[in-house]
Amino acid sequence: MAESAYGEWTSGAVGAGGAGRDLGAPARAPRDGAPRRQAARESAARTYARALPIVPVRARGLTIEGADGRRYLDCVSGGGTLALGHNHPVVLEAIRKVLESGAPLQVMNLTTPVEDAFVTELLHTLPPGLADRARVRFCGPPGTDAVAAAVGLVRAATGRSRVTAFTDAPLGPPADEPLTRGDRDGAPFDRLPYPRDARGAEAALDALSSRQSPPAGLVVEPVRGGGTVFPAPDAWMRRLRRITAERSVPLIVDETDTGVGRTGAFWAVEHSGITPDVLVLSRAIGGSLPLAAVVHRDDLPGGGPGTGAFRGNQLALAAGTATLAHVREHRLAEHAAAVGARVLARLRELGEEFACVGEVRGRGLLIGVEMLAPEGAGAAAPETAAAVQRECLRRGLIVDRGGPSANVVRLLPPLTITKEQATAVLDRLADAVRAVAAAAPRTDRAASREPRGPH
């Protein structure tokens, strides 16, 4: 890896030893009673709060300190929104400048110096085939709004209504079912299964090629989200691009989970070398604040007026500009690729040691570890994943959990993670897995895992 401002995986931020006091002790409830009040006053949709009973009061880089005084290494990173970790100095300075300038904080999407700087920096980061002819459209801050805007754009451009999307759902859903993640008008769409292996990838492409009438657009994630963490094969993405181009179908690539260096390239489509017609951007582009945008080719019409009163928020644009520039100038995508490769290698070694560790998959610093039931011949085990998450928390490590079966432990550390911090994360995760495995019935390692296809 080329030398960066972080040297050989070192950083002037929080070191690996900053995980705090009494890391081996069970997590204690914060003294201020906030979790109890939250449970009494808020809805049952508090998934993270139930799994991670922490009241954060301070944070920097990889480290969070709770109200109980304990410190944790945070490998959730706000669901991937914190590319530079918590409260990075360049992000704080960018926000401070806007606050002290007296500039309006919310102006819909009127032209401002802050917005102009963001768009300029964003165009610097785009793949070459798109950067020279790109148009940027802001929308409401959720990724769902950006997907909806992208779908509306390709429908207006093609005059067609049906949209095809790759999901984990079975092939052939009801034709009137609304598009997952943001289709508000209920127009018909088709779902195709997301490829998990080479055979599945070929079947999905064959199904797409057999359609008699082309859709208005095709939506795909370079790495399947929702906690499953299935990277799409690069060759498959290239063939997908050829098929859509031949049939004049706009290709929409959803980079909500993968953008801004997360997978080891600034945008995950760069791994395959393809140029999409539309990029959906959210999460990390706001530098920890809510922001979303759609980037599309200039020969696609705008698709009508923008929606969302909070599109183009000035603080988010300033934080996003600082984040994009820092990731680009310090080559943090390359850093993520190097650190991620070592983390994946270590986790796969862990999988050879413990029967409860199934497939380890990911790209860069977007990593998933499938947890299995040792006594169940490789069956998905959400309870095992939940136990690993609890044991990690006891050891001062915060990890995510997701997937359709809720059995995937997910790691999303900030791109600024150092070599020492990565080692600390792996040591604590391995210790947590060891504790869970020790409490489970012993089983033969080879018999406990089903054979898996290549990715």
# chains A, B, ... in the order shown; residues from 1 in each chain; ligands from 1
$ select_by_dssp --residues "range 85-157 of chain A" --states "helix (DSSP H, G or I)" --output "number ranges by chain"
A: 89-101, 113-125, 128-131, 143-157
$ residues_around --residues "range 368-371 of chain A" --least-positions-apart "3" --cutoff "6 Å" --atoms "only C-alpha atoms" --output "PDB file with C-alpha atoms, in the first residue's frame"
ATOM      1  CA  VAL A 229     -22.631  -8.582   2.958  1.00  0.00           C
ATOM      2  CA  CYS A 356     -19.963 -21.719  14.992  1.00  0.00           C
ATOM      3  CA  VAL A 357     -18.160 -19.436  12.498  1.00  0.00           C
ATOM      4  CA  GLY A 358     -19.526 -19.940   9.000  1.00  0.00           C
ATOM      5  CA  GLU A 359     -18.711 -18.019   5.863  1.00  0.00           C
ATOM      6  CA  VAL A 360     -16.601 -14.878   6.221  1.00  0.00           C
ATOM      7  CA  ARG A 361     -17.229 -12.434   3.391  1.00  0.00           C
ATOM      8  CA  GLY A 362     -16.818  -8.806   2.527  1.00  0.00           C
ATOM      9  CA  ALA A 381     -28.037 -19.326  14.137  1.00  0.00           C
ATOM     10  CA  ALA A 385     -24.792 -14.137  16.530  1.00  0.00           C
ATOM     11  CA  ASN A 407     -27.110 -14.431  12.007  1.00  0.00           C
ATOM     12  CA  VAL A 408     -24.411 -12.230  10.439  1.00  0.00           C
ATOM     13  CA  VAL A 409     -22.028 -10.304  12.691  1.00  0.00           C
ATOM     14  CA  ARG A 410     -21.057  -7.206  10.732  1.00  0.00           C
TER      15      ARG A 410
END
$ residues_around --residues "range 238-253 of chain A" --least-positions-apart "6" --cutoff "8 Å" --atoms "only C-alpha atoms" --output "count of residues only"
23
$ residues_around --residues "Val57 in chain A" --least-positions-apart "2" --cutoff "10 Å" --atoms "only C-alpha atoms" --output "PyMOL selection string"
chain A and resi 54-55+59+64-69
$ write_last_selection --atoms "N, CA and C atoms" --output "mmCIF file, in the first residue's frame"
data_model
loop_
_atom_site.group_PDB
_atom_site.id
_atom_site.type_symbol
_atom_site.label_atom_id
_atom_site.label_comp_id
_atom_site.auth_asym_id
_atom_site.auth_seq_id
_atom_site.Cartn_x
_atom_site.Cartn_y
_atom_site.Cartn_z
ATOM 1 N N ILE A 54 -26.067 1.035 25.823
ATOM 2 C CA ILE A 54 -25.026 2.034 26.078
ATOM 3 C C ILE A 54 -25.651 3.416 25.930
ATOM 4 N N VAL A 55 -25.243 4.342 26.778
ATOM 5 C CA VAL A 55 -25.623 5.747 26.619
ATOM 6 C C VAL A 55 -24.342 6.513 26.300
ATOM 7 N N ALA A 59 -17.177 10.693 22.224
ATOM 8 C CA ALA A 59 -16.681 9.792 21.189
ATOM 9 C C ALA A 59 -15.594 10.485 20.388
ATOM 10 N N ILE A 64 -15.921 5.073 21.702
ATOM 11 C CA ILE A 64 -17.095 5.673 22.350
ATOM 12 C C ILE A 64 -16.952 5.489 23.854
ATOM 13 N N GLU A 65 -17.291 6.512 24.610
ATOM 14 C CA GLU A 65 -17.349 6.390 26.069
ATOM 15 C C GLU A 65 -18.795 6.514 26.506
ATOM 16 N N GLY A 66 -19.225 5.565 27.335
ATOM 17 C CA GLY A 66 -20.596 5.557 27.817
ATOM 18 C C GLY A 66 -20.759 6.352 29.094
ATOM 19 N N ALA A 67 -22.012 6.567 29.493
ATOM 20 C CA ALA A 67 -22.305 7.313 30.711
ATOM 21 C C ALA A 67 -21.791 6.592 31.959
ATOM 22 N N ASP A 68 -21.542 5.290 31.832
ATOM 23 C CA ASP A 68 -21.013 4.526 32.971
ATOM 24 C C ASP A 68 -19.494 4.607 33.061
ATOM 25 N N GLY A 69 -18.858 5.355 32.171
ATOM 26 C CA GLY A 69 -17.412 5.523 32.221
ATOM 27 C C GLY A 69 -16.632 4.509 31.412
#
$ residues_around --residues "Gly287 in chain A" --least-positions-apart "6" --cutoff "8 Å" --atoms "only C-alpha atoms" --output "PyMOL selection string"
chain A and resi 81-84+91+316+319-324
$ write_last_selection --atoms "C-alpha atoms" --output "compact mmCIF listing (two decimals), in the first residue's frame"
# COMPACT_ATOMS: atom_id res chain seq x y z
CA THR A 81 -22.22 6.94 8.08
CA LEU A 82 -18.94 7.69 9.89
CA ALA A 83 -16.25 7.16 7.26
CA LEU A 84 -13.73 9.04 9.42
CA VAL A 91 -15.33 17.40 9.96
CA ALA A 316 -24.16 18.20 5.97
CA ALA A 319 -19.13 17.92 6.59
CA GLY A 320 -19.47 15.86 3.42
CA THR A 321 -17.00 18.01 1.48
CA ALA A 322 -14.43 17.67 4.27
CA THR A 323 -14.94 13.90 4.41
CA LEU A 324 -14.73 13.32 0.65
$ residues_around --residues "range 96-102 of chain A" --least-positions-apart "3" --cutoff "7 Å" --atoms "only C-alpha atoms" --output "list in words"
Leu92, Glu93 and Leu315 of chain A
$ closest_residue --among "A:Ser213, A:Asn313, A:Gln421, A:Thr144" --to "Val163 in chain A" --atoms "only C-alpha atoms"
A:Ser213
$ residues_around --residues "Thr258 in chain A" --least-positions-apart "4" --cutoff "7 Å" --atoms "only C-alpha atoms" --output "short mmCIF file (atom, residue, chain, number, x, y, z; two decimals) with N, CA, C and O atoms, in the first residue's frame"
data_model
loop_
_atom_site.label_atom_id
_atom_site.label_comp_id
_atom_site.auth_asym_id
_atom_site.auth_seq_id
_atom_site.Cartn_x
_atom_site.Cartn_y
_atom_site.Cartn_z
N VAL A 223 -22.35 -4.49 -3.23
CA VAL A 223 -22.29 -5.46 -2.14
C VAL A 223 -23.68 -5.48 -1.53
O VAL A 223 -24.20 -4.44 -1.12
N ARG A 262 -15.39 2.67 1.47
CA ARG A 262 -15.70 1.58 2.39
C ARG A 262 -15.19 0.22 1.89
O ARG A 262 -14.71 -0.59 2.69
N THR A 263 -15.28 -0.06 0.59
CA THR A 263 -14.91 -1.38 0.07
C THR A 263 -13.48 -1.48 -0.42
O THR A 263 -13.08 -2.51 -0.97
N TRP A 267 -15.55 4.30 -4.90
CA TRP A 267 -16.89 3.79 -5.17
C TRP A 267 -16.76 2.34 -5.55
O TRP A 267 -15.86 1.95 -6.30
N ALA A 268 -17.64 1.49 -5.05
CA ALA A 268 -17.48 0.05 -5.22
C ALA A 268 -17.56 -0.37 -6.69
O ALA A 268 -17.00 -1.40 -7.06
#
$ decode --residues "range 303-342 of chain A" --atoms "C-alpha atoms" --output "short mmCIF file (atom, residue, chain, number, x, y, z; two decimals), in the first residue's frame"
data_model
loop_
_atom_site.label_atom_id
_atom_site.label_comp_id
_atom_site.auth_asym_id
_atom_site.auth_seq_id
_atom_site.Cartn_x
_atom_site.Cartn_y
_atom_site.Cartn_z
CA GLY A 303 -37.15 13.43 -13.74
CA GLY A 304 -39.17 16.34 -12.36
CA PRO A 305 -38.64 18.64 -9.38
CA GLY A 306 -36.69 17.54 -6.33
CA THR A 307 -38.44 16.43 -3.17
CA GLY A 308 -37.62 16.76 0.51
CA ALA A 309 -37.42 19.99 2.49
CA PHE A 310 -34.08 18.99 3.97
CA ARG A 311 -32.22 18.28 0.75
CA GLY A 312 -28.85 19.98 0.55
CA ASN A 313 -28.52 20.89 4.24
CA GLN A 314 -25.54 23.25 4.56
CA LEU A 315 -23.92 21.63 7.59
CA ALA A 316 -24.16 18.20 5.97
CA LEU A 317 -22.72 19.54 2.73
CA ALA A 318 -19.77 21.09 4.58
CA ALA A 319 -19.13 17.92 6.59
CA GLY A 320 -19.47 15.86 3.42
CA THR A 321 -17.00 18.01 1.48
CA ALA A 322 -14.43 17.67 4.27
CA THR A 323 -14.94 13.90 4.41
CA LEU A 324 -14.73 13.32 0.65
CA ALA A 325 -11.59 15.44 0.39
CA HIS A 326 -9.90 13.76 3.37
CA VAL A 327 -10.62 10.25 2.08
CA ARG A 328 -9.35 11.20 -1.38
CA GLU A 329 -6.24 13.14 -0.31
CA HIS A 330 -5.11 10.59 2.27
CA ARG A 331 -5.92 7.57 0.08
CA LEU A 332 -8.09 6.01 2.75
CA ALA A 333 -9.76 3.69 0.24
CA GLU A 334 -6.39 1.99 -0.28
CA HIS A 335 -5.93 1.96 3.47
CA ALA A 336 -9.33 0.26 3.87
CA ALA A 337 -8.38 -2.35 1.26
CA ALA A 338 -5.14 -3.22 3.05
CA VAL A 339 -6.61 -3.32 6.55
CA GLY A 340 -9.69 -5.17 5.34
CA ALA A 341 -7.63 -7.87 3.63
CA ARG A 342 -5.79 -8.62 6.87
#
